[in-house]
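Next comes final08.tsv, a file with TSV, C-alpha atoms.
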```tsv
chain	number	residue	atom	x	y	z
A	16	MET	CA	16.22	174.75	-25.20
A	17	THR	CA	18.67	173.92	-22.45
A	18	ASP	CA	21.53	171.76	-23.54
A	19	HIS	CA	23.81	170.74	-20.71
A	20	ALA	CA	26.18	169.11	-23.18
A	21	ASP	CA	27.34	172.44	-24.63
A	22	ALA	CA	27.62	174.15	-21.27
A	23	ALA	CA	31.18	175.34	-20.93
A	24	LEU	CA	32.84	175.80	-17.58
A	25	LEU	CA	32.79	179.36	-16.38
A	26	ASP	CA	35.77	181.01	-18.04
A	27	GLU	CA	37.77	183.40	-15.84
A	28	LEU	CA	36.91	186.54	-17.80
A	29	ASP	CA	33.24	185.56	-18.07
A	30	ARG	CA	33.27	185.02	-14.32
A	31	ARG	CA	34.78	188.44	-13.63
A	32	LEU	CA	32.18	190.04	-15.89
A	33	VAL	CA	29.40	188.24	-14.00
A	34	LEU	CA	30.82	189.46	-10.68
A	35	ALA	CA	31.18	193.03	-11.99
A	36	THR	CA	27.62	193.23	-13.38
A	37	GLN	CA	25.43	190.81	-11.42
A	38	LYS	CA	24.14	193.72	-9.31
A	39	GLY	CA	23.55	195.72	-12.49
A	40	LEU	CA	25.12	197.54	-15.40
A	41	PRO	CA	26.65	200.88	-14.29
A	42	LEU	CA	24.31	203.84	-14.88
A	43	VAL	CA	26.92	206.07	-16.49
A	44	SER	CA	27.39	207.32	-20.05
A	45	ARG	CA	30.14	204.83	-20.82
A	46	PRO	CA	29.26	201.72	-18.77
A	47	TYR	CA	31.51	199.31	-20.69
A	48	GLU	CA	34.48	201.65	-20.31
A	49	LEU	CA	33.88	201.81	-16.56
A	50	LEU	CA	33.75	198.00	-16.36
A	51	ALA	CA	36.93	197.83	-18.45
A	52	THR	CA	38.73	200.11	-16.00
A	53	GLN	CA	37.53	197.99	-13.07
A	54	LEU	CA	38.70	194.80	-14.75
A	55	GLY	CA	41.93	196.21	-16.16
A	56	ILE	CA	41.06	195.33	-19.77
A	57	SER	CA	39.98	197.33	-22.82
A	58	SER	CA	36.44	198.50	-23.41
A	59	GLU	CA	36.55	196.69	-26.78
A	60	LEU	CA	37.26	193.42	-25.00
A	61	VAL	CA	34.39	193.99	-22.53
A	62	ARG	CA	31.98	194.59	-25.39
A	63	ALA	CA	33.30	191.70	-27.48
A	64	ARG	CA	33.01	189.32	-24.52
A	65	LEU	CA	29.48	190.46	-23.69
A	66	ALA	CA	28.56	189.95	-27.35
A	67	SER	CA	30.05	186.47	-27.21
A	68	MET	CA	28.14	185.62	-24.02
A	69	LEU	CA	24.92	186.84	-25.67
A	70	SER	CA	25.54	184.70	-28.75
A	71	ARG	CA	26.33	181.64	-26.58
A	72	GLY	CA	23.20	182.18	-24.51
A	73	ALA	CA	25.25	182.73	-21.33
A	74	ILE	CA	23.48	186.10	-21.22
A	75	ARG	CA	19.80	185.93	-22.25
A	76	ARG	CA	19.77	189.69	-22.82
A	77	ILE	CA	20.96	192.94	-21.29
A	78	GLY	CA	17.93	194.68	-19.93
A	79	ALA	CA	15.48	195.66	-17.25
A	80	VAL	CA	13.65	193.27	-14.94
A	81	PRO	CA	10.35	194.88	-13.96
A	82	ASN	CA	8.65	194.12	-10.67
A	83	HIS	CA	5.48	192.69	-12.19
A	84	TYR	CA	3.29	193.98	-9.34
A	85	ALA	CA	4.60	197.52	-9.79
A	86	ILE	CA	3.84	197.65	-13.52
A	87	GLY	CA	0.27	196.41	-13.06
A	88	TYR	CA	0.51	192.61	-13.37
A	89	THR	CA	-0.93	192.12	-9.91
A	90	ALA	CA	-2.00	188.52	-10.48
A	91	ASN	CA	0.75	185.99	-10.99
A	92	GLY	CA	-0.39	182.40	-11.22
A	93	MET	CA	1.88	179.40	-11.47
A	94	SER	CA	-0.39	176.89	-13.20
A	95	VAL	CA	0.65	173.28	-12.70
A	96	TRP	CA	-0.65	170.27	-14.62
A	97	ASP	CA	-0.59	166.49	-14.36
A	98	VAL	CA	-0.01	165.57	-18.01
A	99	ASP	CA	0.34	162.16	-19.66
A	100	ASP	CA	4.11	161.52	-19.95
A	101	ALA	CA	3.69	160.27	-23.50
A	102	ARG	CA	2.04	163.53	-24.60
A	103	ILE	CA	3.74	166.16	-22.47
A	104	ASP	CA	6.46	167.29	-24.90
A	105	VAL	CA	4.04	167.95	-27.75
A	106	LEU	CA	1.59	169.69	-25.41
A	107	GLY	CA	4.29	171.60	-23.51
A	108	GLU	CA	5.43	173.24	-26.74
A	109	LYS	CA	1.84	174.23	-27.53
A	110	VAL	CA	1.19	175.66	-24.05
A	111	GLY	CA	4.52	177.53	-24.16
A	112	ALA	CA	3.47	179.14	-27.44
A	113	LEU	CA	0.37	180.76	-25.86
A	114	SER	CA	0.82	184.53	-25.74
A	115	PHE	CA	0.01	184.85	-22.01
A	116	VAL	CA	2.46	182.14	-20.83
A	117	THR	CA	5.83	183.64	-19.83
A	118	HIS	CA	7.61	180.44	-18.72
A	119	CYS	CA	6.78	176.82	-19.46
A	120	TYR	CA	8.73	173.82	-18.19
A	121	ARG	CA	8.53	170.07	-17.63
A	122	ARG	CA	9.55	169.24	-14.05
A	123	PRO	CA	9.58	166.04	-11.96
A	124	ARG	CA	6.62	164.84	-9.91
A	125	HIS	CA	7.08	164.20	-6.18
A	126	LEU	CA	4.51	161.49	-5.48
A	127	PRO	CA	2.42	161.33	-3.37
A	128	ASP	CA	2.86	165.00	-2.40
A	129	TRP	CA	3.04	166.52	-5.86
A	130	ARG	CA	1.54	165.00	-9.00
A	131	TYR	CA	2.14	167.87	-11.46
A	132	ASN	CA	4.79	167.67	-14.19
A	133	LEU	CA	4.01	170.71	-16.39
A	134	PHE	CA	4.51	174.26	-15.04
A	135	ALA	CA	3.20	177.30	-16.96
A	136	MET	CA	3.49	180.81	-15.50
A	137	VAL	CA	0.62	183.17	-16.30
A	138	HIS	CA	0.60	186.91	-15.52
A	139	GLY	CA	-2.47	189.14	-15.63
A	140	SER	CA	-3.98	192.33	-14.28
A	141	ASP	CA	-6.28	190.37	-11.97
A	142	ARG	CA	-7.03	186.81	-10.87
A	143	ALA	CA	-10.13	186.45	-13.04
A	144	THR	CA	-8.02	187.16	-16.13
A	145	VAL	CA	-5.42	184.62	-15.08
A	146	LEU	CA	-8.12	182.00	-14.41
A	147	GLU	CA	-9.66	182.59	-17.85
A	148	GLN	CA	-6.24	181.98	-19.37
A	149	VAL	CA	-5.80	178.85	-17.26
A	150	GLU	CA	-9.10	177.57	-18.71
A	151	LYS	CA	-7.65	177.97	-22.19
A	152	ILE	CA	-4.68	175.83	-21.19
A	153	ARG	CA	-7.08	173.22	-19.77
A	154	ASP	CA	-8.97	173.10	-23.04
A	155	MET	CA	-5.73	172.68	-24.95
A	156	LEU	CA	-4.57	169.78	-22.72
A	157	GLY	CA	-7.95	168.01	-22.85
A	158	ASP	CA	-7.94	164.31	-21.92
A	159	SER	CA	-4.16	164.25	-21.61
A	160	CYS	CA	-4.42	166.13	-18.32
A	161	SER	CA	-5.78	164.44	-15.19
A	162	GLY	CA	-5.55	167.36	-12.78
A	163	HIS	CA	-4.30	170.87	-12.29
A	164	ASP	CA	-3.92	173.69	-9.79
A	165	VAL	CA	-3.02	177.39	-9.84
A	166	LEU	CA	-0.66	178.76	-7.20
A	167	PHE	CA	-1.09	182.53	-6.99
A	168	SER	CA	1.77	184.51	-5.56
A	169	THR	CA	0.89	186.73	-2.63
A	170	ARG	CA	4.29	188.28	-1.93
A	171	ILE	CA	7.70	188.70	-3.49
A	172	LEU	CA	10.06	187.65	-0.70
A	173	LYS	CA	13.26	188.19	-2.67
A	174	LYS	CA	14.14	189.15	-6.23
A	175	THR	CA	17.81	189.83	-6.67
A	176	GLY	CA	18.66	187.47	-9.51
A	177	LEU	CA	21.80	185.41	-9.76
A	178	ARG	CA	24.63	186.10	-7.29
A	179	ILE	CA	27.83	184.12	-7.61
A	180	ARG	CA	30.35	184.47	-4.80
A	181	GLU	CA	33.61	186.43	-5.03
B	23	MET	CA	6.42	193.21	5.40
B	24	SER	CA	8.70	192.59	2.50
B	25	LYS	CA	10.86	195.38	1.16
B	26	GLU	CA	9.50	194.57	-2.27
B	27	ARG	CA	6.78	196.80	-3.66
B	28	GLN	CA	3.45	194.98	-3.83
B	29	ALA	CA	1.10	197.53	-5.39
B	30	PRO	CA	1.12	199.16	-8.82
B	31	VAL	CA	2.74	202.60	-8.79
B	32	GLU	CA	2.03	205.65	-10.91
B	33	LEU	CA	4.11	205.39	-14.07
B	34	ASP	CA	3.86	208.00	-16.78
B	35	GLU	CA	4.00	207.32	-20.46
B	36	LEU	CA	7.76	207.89	-20.65
B	37	ASP	CA	8.40	205.45	-17.78
B	38	ARG	CA	6.43	202.80	-19.65
B	39	ARG	CA	8.23	203.48	-22.91
B	40	ILE	CA	11.57	203.17	-21.09
B	41	ILE	CA	10.57	199.88	-19.41
B	42	ASN	CA	9.44	198.45	-22.75
B	43	ALA	CA	12.51	199.67	-24.63
B	44	LEU	CA	14.86	198.25	-22.01
B	45	GLN	CA	13.33	194.79	-22.33
B	46	GLY	CA	14.57	194.56	-25.90
B	47	GLU	CA	18.08	194.62	-27.32
B	48	PHE	CA	20.51	196.86	-25.45
B	49	PRO	CA	23.33	198.34	-27.55
B	50	LEU	CA	26.95	197.32	-27.08
B	51	CYS	CA	28.36	200.64	-28.30
B	52	GLU	CA	30.47	203.03	-26.20
B	53	GLU	CA	27.49	205.19	-25.18
B	54	PRO	CA	24.54	202.80	-25.13
B	55	TYR	CA	22.24	204.95	-22.97
B	56	ARG	CA	22.62	207.83	-25.43
B	57	GLU	CA	21.52	205.52	-28.26
B	58	VAL	CA	18.47	204.22	-26.34
B	59	ALA	CA	17.59	207.78	-25.26
B	60	ALA	CA	17.71	208.95	-28.89
B	61	SER	CA	15.35	206.15	-29.93
B	62	LEU	CA	12.92	207.39	-27.25
B	63	ALA	CA	13.41	211.05	-28.26
B	64	VAL	CA	14.72	212.07	-24.82
B	65	ASP	CA	18.20	213.03	-23.70
B	66	GLU	CA	20.61	210.66	-22.01
B	67	ALA	CA	20.44	212.45	-18.63
B	68	THR	CA	16.65	212.05	-18.55
B	69	LEU	CA	16.87	208.34	-19.36
B	70	LEU	CA	19.53	207.72	-16.68
B	71	ALA	CA	17.55	209.71	-14.09
B	72	ARG	CA	14.32	207.81	-14.82
B	73	LEU	CA	16.10	204.47	-14.80
B	74	SER	CA	17.83	205.23	-11.53
B	75	HIS	CA	14.55	206.40	-9.96
B	76	MET	CA	12.65	203.27	-11.07
B	77	LEU	CA	15.39	201.07	-9.61
B	78	GLU	CA	15.26	202.97	-6.30
B	79	GLN	CA	11.45	202.67	-6.24
B	80	ARG	CA	11.75	198.94	-7.01
B	81	VAL	CA	9.59	199.33	-10.12
B	82	LEU	CA	12.56	197.63	-11.73
B	83	THR	CA	14.29	195.02	-9.61
B	84	ARG	CA	17.40	195.06	-11.76
B	85	PHE	CA	18.99	196.46	-14.89
B	86	GLY	CA	21.89	194.62	-16.50
B	87	PRO	CA	22.90	191.34	-18.14
B	88	MET	CA	20.52	188.44	-17.39
B	89	PHE	CA	22.80	185.48	-16.96
B	90	GLN	CA	21.91	181.92	-17.95
B	91	ILE	CA	24.27	180.19	-15.53
B	92	GLU	CA	23.54	176.79	-17.08
B	93	ARG	CA	25.30	177.94	-20.24
B	94	MET	CA	28.34	178.62	-18.04
B	95	GLY	CA	28.34	175.22	-16.35
B	96	GLY	CA	26.06	176.09	-13.42
B	97	ARG	CA	22.56	175.05	-12.39
B	98	PHE	CA	19.17	176.62	-11.74
B	99	VAL	CA	16.61	174.70	-9.67
B	100	LEU	CA	13.08	175.66	-8.62
B	101	ALA	CA	12.46	174.52	-5.05
B	102	ALA	CA	9.60	174.66	-2.57
B	103	LEU	CA	8.95	174.37	1.15
B	104	ALA	CA	5.76	173.77	3.16
B	105	VAL	CA	6.28	176.37	5.89
B	106	PRO	CA	4.01	176.45	8.96
B	107	ASP	CA	2.29	179.87	9.10
B	108	ASP	CA	3.73	180.77	12.47
B	109	ARG	CA	7.27	180.20	11.17
B	110	PHE	CA	6.87	181.94	7.82
B	111	GLU	CA	8.84	185.15	8.50
B	112	GLU	CA	11.64	183.28	10.26
B	113	VAL	CA	12.00	180.73	7.46
B	114	ALA	CA	11.81	183.44	4.76
B	115	ALA	CA	14.74	185.24	6.41
B	116	LEU	CA	16.74	182.01	6.63
B	117	VAL	CA	16.10	181.06	3.00
B	118	ASN	CA	16.69	184.59	1.65
B	119	GLY	CA	19.99	184.63	3.55
B	120	PHE	CA	21.41	182.15	1.03
B	121	ALA	CA	23.19	184.00	-1.79
B	122	GLU	CA	22.14	181.12	-4.07
B	123	VAL	CA	18.46	182.12	-3.70
B	124	ALA	CA	17.89	184.32	-6.76
B	125	HIS	CA	14.22	184.96	-6.05
B	126	ASN	CA	11.56	183.77	-3.68
B	127	TYR	CA	7.76	184.01	-3.72
B	128	ARG	CA	5.02	183.26	-1.25
B	129	ARG	CA	2.27	181.25	-2.96
B	130	GLU	CA	-1.15	180.00	-1.89
B	131	HIS	CA	-0.70	176.26	-1.43
B	132	ARG	CA	0.49	173.83	1.23
B	133	LEU	CA	3.86	174.29	-0.49
B	134	ASN	CA	3.79	178.02	0.24
B	135	MET	CA	7.37	179.15	-0.39
B	136	TRP	CA	8.82	178.82	-3.91
B	137	PHE	CA	12.34	179.93	-4.72
B	138	VAL	CA	14.89	179.60	-7.49
B	139	LEU	CA	18.39	178.46	-6.58
B	140	ALA	CA	21.32	179.33	-8.85
B	141	THR	CA	24.71	177.72	-8.32
B	142	GLU	CA	27.92	178.19	-10.24
B	143	ARG	CA	28.78	174.50	-10.06
B	144	PRO	CA	26.23	171.67	-10.45
B	145	GLU	CA	27.63	169.82	-7.44
B	146	ASP	CA	26.80	172.79	-5.17
B	147	MET	CA	23.06	172.41	-5.75
B	148	GLU	CA	22.62	169.28	-3.64
B	149	ARG	CA	24.71	170.83	-0.83
B	150	VAL	CA	22.67	174.07	-0.82
B	151	CYS	CA	19.39	172.10	-0.68
B	152	ARG	CA	20.72	170.06	2.28
B	153	GLU	CA	21.88	173.25	4.05
B	154	ILE	CA	18.44	174.82	3.63
B	155	GLU	CA	16.90	171.65	5.11
B	156	MET	CA	19.35	171.79	8.02
B	157	VAL	CA	18.74	175.43	8.95
B	158	THR	CA	14.96	175.36	8.44
B	159	GLY	CA	14.26	171.81	9.60
B	160	LEU	CA	11.91	171.44	6.60
B	161	PRO	CA	12.20	169.11	3.59
B	162	VAL	CA	13.14	170.86	0.34
B	163	PHE	CA	11.11	169.78	-2.69
B	164	ALA	CA	13.41	170.27	-5.68
B	165	PHE	CA	11.93	170.73	-9.16
B	166	PRO	CA	14.87	170.83	-11.59
B	167	LYS	CA	13.65	171.57	-15.08
B	168	GLU	CA	13.62	168.50	-17.30
B	169	LYS	CA	12.66	170.44	-20.38
B	170	GLU	CA	12.26	174.13	-21.18
B	171	TYR	CA	9.39	174.71	-23.62
B	172	PHE	CA	9.35	178.49	-23.50
B	173	VAL	CA	10.84	181.42	-21.57
B	174	GLU	CA	9.96	185.01	-22.32
B	175	MET	CA	11.42	187.37	-19.73
B	176	ARG	CA	9.40	190.36	-20.93
B	177	LEU	CA	6.30	192.02	-19.57
B	178	ARG	CA	4.84	194.96	-21.44
B	179	ALA	CA	4.38	197.97	-19.15
```
Represent the structure contained in this file as structure tokens.
Amino acid sequence: MTDHADAALLDELDRRLVLATQKGLPLVSRPYELLATQLGISSELVRARLASMLSRGAIRRIGAVPNHYAIGYTANGMSVWDVDDARIDVLGEKVGALSFVTHCYRRPRHLPDWRYNLFAMVHGSDRATVLEQVEKIRDMLGDSCSGHDVLFSTRILKKTGLRIRE
Amino acid sequence: MSKERQAPVELDELDRRIINALQGEFPLCEEPYREVAASLAVDEATLLARLSHMLEQRVLTRFGPMFQIERMGGRFVLAALAVPDDRFEEVAALVNGFAEVAHNYRREHRLNMWFVLATERPEDMERVCREIEMVTGLPVFAFPKEKEYFVEMRLRA
């Protein structure tokens, strides 16, 4: 759950750690020690601060981001739904809990161009699989949904992740 | 064509085990790769070589901390453009040129370019959207999240 109220301003050391690792963690035996040398602090402090950022949710996790096409998820469908505003929060939680949904958000409509307020990302090995999963979402939403669409991705144009400026 | 890999590549069983293991908890000890390697019953040099190779091959787009900038005072916003087909490559280059564009996908819809903007300060978001409109000449449809129901940044290889 995002809570803007507890969002702290970017602390100077946090910021330097973001800058030092936003392109990636060093691929050396002692990556935290290398970062510590670069930042002029101790390796213990680097590790303690990363642990603190993890516990605060400022870092979701330290890990690998696979290119979903390369690992076999060749169909990536952003399913979008026009859901009754009075029901969307209950239904959004249920859709988000489905095993094949990787991201699920409520977002604003842009009428008349865009009527959809629920976004659920579905990955699969082919489009038919994704569309079967989309049908399951449709069944779950029932009468509370008055329209939907699936936007398949056809190309990754960029995938670098966050980059703050020096 | 994009520099990003579009087709599945040959991954062996060890590659898949590494990808899956590195989407879990990563240790904060002095020699974290050695610890992960041990859990996979390989040596550290093998793990580092495989990881480096998969990053070069763009099987992995990144390895490192995944930052939630909103927990540090910043903003993420999903945004979309309706780009005329004959301007697609030009507009993709313009949009990707913004450091604030974290990722960008082509999708099948009238709104055919969907990207995520990340800014360190909330007040920068509006400015970046206006700048993208200025350089592309196209209206930016911004879809800030109003509520996050679920995010699972893991895909089993």
Nearby residues (all atoms listed in the file) at most 9 Å from Ala43 (chain B), same-chain spacing under 4 positions excluded, as a PyMOL selection string:
(chain A and resi 78-79) or (chain B and resi 38-39+47-48+58+61-62)
Output for the residues just chosen: C-alpha atoms as a PDB file, in the frame of the given file:
```
ATOM      1  CA  GLY A  78      17.930 194.680 -19.930  1.00  0.00           C
ATOM      2  CA  ALA A  79      15.480 195.660 -17.250  1.00  0.00           C
TER       3      ALA A  79
ATOM      4  CA  ARG B  38       6.430 202.800 -19.650  1.00  0.00           C
ATOM      5  CA  ARG B  39       8.230 203.480 -22.910  1.00  0.00           C
ATOM      6  CA  GLU B  47      18.080 194.620 -27.320  1.00  0.00           C
ATOM      7  CA  PHE B  48      20.510 196.860 -25.450  1.00  0.00           C
ATOM      8  CA  VAL B  58      18.470 204.220 -26.340  1.00  0.00           C
ATOM      9  CA  SER B  61      15.350 206.150 -29.930  1.00  0.00           C
ATOM     10  CA  LEU B  62      12.920 207.390 -27.250  1.00  0.00           C
TER      11      LEU B  62
END
```
For Lys173 (chain A), please output as a list in words all residues within 8 Å (counting only C-alpha atoms; exclusion window: fewer than 3 positions along the same chain).
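Counting only the stated atoms, we get Glu26, Asn118, Ala124, His125, Asn126 and Tyr127 of chain B.
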Kindly save the residues from that selection, with C-alpha atoms included, as a PDB file, in the frame of the given file.
```pdb
ATOM      1  CA  GLU B  26       9.500 194.570  -2.270  1.00  0.00           C
ATOM      2  CA  ASN B 118      16.690 184.590   1.650  1.00  0.00           C
ATOM      3  CA  ALA B 124      17.890 184.320  -6.760  1.00  0.00           C
ATOM      4  CA  HIS B 125      14.220 184.960  -6.050  1.00  0.00           C
ATOM      5  CA  ASN B 126      11.560 183.770  -3.680  1.00  0.00           C
ATOM      6  CA  TYR B 127       7.760 184.010  -3.720  1.00  0.00           C
TER       7      TYR B 127
END
```
Select from chain B every residue with an atom at most 7 Å from any atom of chain A, then for each give the shortest pair of atoms and their distance in Å to one decimal, using all atoms listed in the file, rows by chain and rising number, as a Markdown table.
```
| residue | atom | partner | partner_atom | distance |
| --- | --- | --- | --- | --- |
| B:Ser24 | CA | A:Leu172 | CA | 6.0 |
| B:Glu26 | CA | A:Ile171 | CA | 6.3 |
| B:Arg27 | CA | A:Ala85 | CA | 6.5 |
| B:Gln28 | CA | A:Tyr84 | CA | 5.6 |
| B:Ala29 | CA | A:Ala85 | CA | 5.6 |
| B:Pro30 | CA | A:Ala85 | CA | 4.0 |
| B:Val31 | CA | A:Ala85 | CA | 5.5 |
| B:Ile41 | CA | A:Ala79 | CA | 6.8 |
| B:Leu44 | CA | A:Gly78 | CA | 5.1 |
| B:Gln45 | CA | A:Gly78 | CA | 5.2 |
| B:Gly46 | CA | A:Gly78 | CA | 6.9 |
| B:Glu47 | CA | A:Arg76 | CA | 6.9 |
| B:Phe48 | CA | A:Ile77 | CA | 5.7 |
| B:Leu50 | CA | A:Arg62 | CA | 6.0 |
| B:Glu52 | CA | A:Arg45 | CA | 5.7 |
| B:Glu53 | CA | A:Arg45 | CA | 5.1 |
| B:Tyr55 | CA | A:Ser44 | CA | 6.4 |
| B:Leu70 | CA | A:Leu42 | CA | 6.4 |
| B:Arg80 | CA | A:Asn82 | CA | 6.8 |
| B:Val81 | CA | A:Ala85 | CA | 5.3 |
| B:Leu82 | CA | A:Pro81 | CA | 4.2 |
| B:Thr83 | CA | A:Val80 | CA | 5.6 |
| B:Arg84 | CA | A:Val80 | CA | 5.2 |
| B:Phe85 | CA | A:Ala79 | CA | 4.3 |
| B:Gly86 | CA | A:Gly39 | CA | 4.5 |
| B:Pro87 | CA | A:Ile77 | CA | 4.0 |
| B:Met88 | CA | A:Ile74 | CA | 5.4 |
| B:Phe89 | CA | A:Ile74 | CA | 4.4 |
| B:Gln90 | CA | A:Ala73 | CA | 4.8 |
| B:Ile91 | CA | A:Ala73 | CA | 6.4 |
| B:Glu92 | CA | A:Ala22 | CA | 6.4 |
| B:Arg93 | CA | A:Ala22 | CA | 4.6 |
| B:Met94 | CA | A:Leu25 | CA | 4.8 |
| B:Gly95 | CA | A:Leu24 | CA | 4.7 |
| B:Asn118 | CA | A:Lys173 | CA | 6.6 |
| B:Ala121 | CA | A:Arg178 | CA | 6.1 |
| B:Glu122 | CA | A:Arg178 | CA | 6.4 |
| B:Ala124 | CA | A:Gly176 | CA | 4.3 |
| B:His125 | CA | A:Lys174 | CA | 4.2 |
| B:Asn126 | CA | A:Lys173 | CA | 4.8 |
| B:Tyr127 | CA | A:Ile171 | CA | 4.7 |
| B:Arg128 | CA | A:Arg170 | CA | 5.1 |
| B:Arg129 | CA | A:Ser168 | CA | 4.2 |
| B:Glu130 | CA | A:Leu166 | CA | 5.5 |
| B:His131 | CA | A:Leu166 | CA | 6.3 |
| B:Ala140 | CA | A:Leu177 | CA | 6.2 |
| B:Glu142 | CA | A:Ile179 | CA | 6.5 |
| B:Phe165 | CA | A:Arg122 | CA | 5.6 |
| B:Pro166 | CA | A:Arg122 | CA | 6.1 |
| B:Lys167 | CA | A:Arg122 | CA | 4.8 |
| B:Glu168 | CA | A:Arg122 | CA | 5.3 |
| B:Lys169 | CA | A:Arg121 | CA | 5.0 |
| B:Glu170 | CA | A:Tyr120 | CA | 4.6 |
| B:Tyr171 | CA | A:Glu108 | CA | 5.3 |
| B:Phe172 | CA | A:Gly111 | CA | 5.0 |
| B:Val173 | CA | A:His118 | CA | 4.4 |
| B:Glu174 | CA | A:Thr117 | CA | 5.0 |
| B:Met175 | CA | A:Thr117 | CA | 6.7 |
| B:Ala179 | CA | A:Ile86 | CA | 5.7 |
```
Region 153-162 of chain A environment, 10 Å, all atoms listed in the file, sequence neighbours closer than 5 positions dropped, as a PyMOL selection string
chain A and resi 95-103+106-107+109-110+130-131+133+147-148
Atomic separation - CA of Leu160 (chain B) relative to CA of Arg109 (chain B), Å:
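According to the coordinates, CA of Arg109 (chain B) and CA of Leu160 (chain B) are separated by 10.9 Å.
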To one decimal place, how far is CA of His163 (chain A) from CA of Asn134 (chain B) in Å?
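For CA of His163 (chain A) relative to CA of Asn134 (chain B), the distance reads 16.5 Å.
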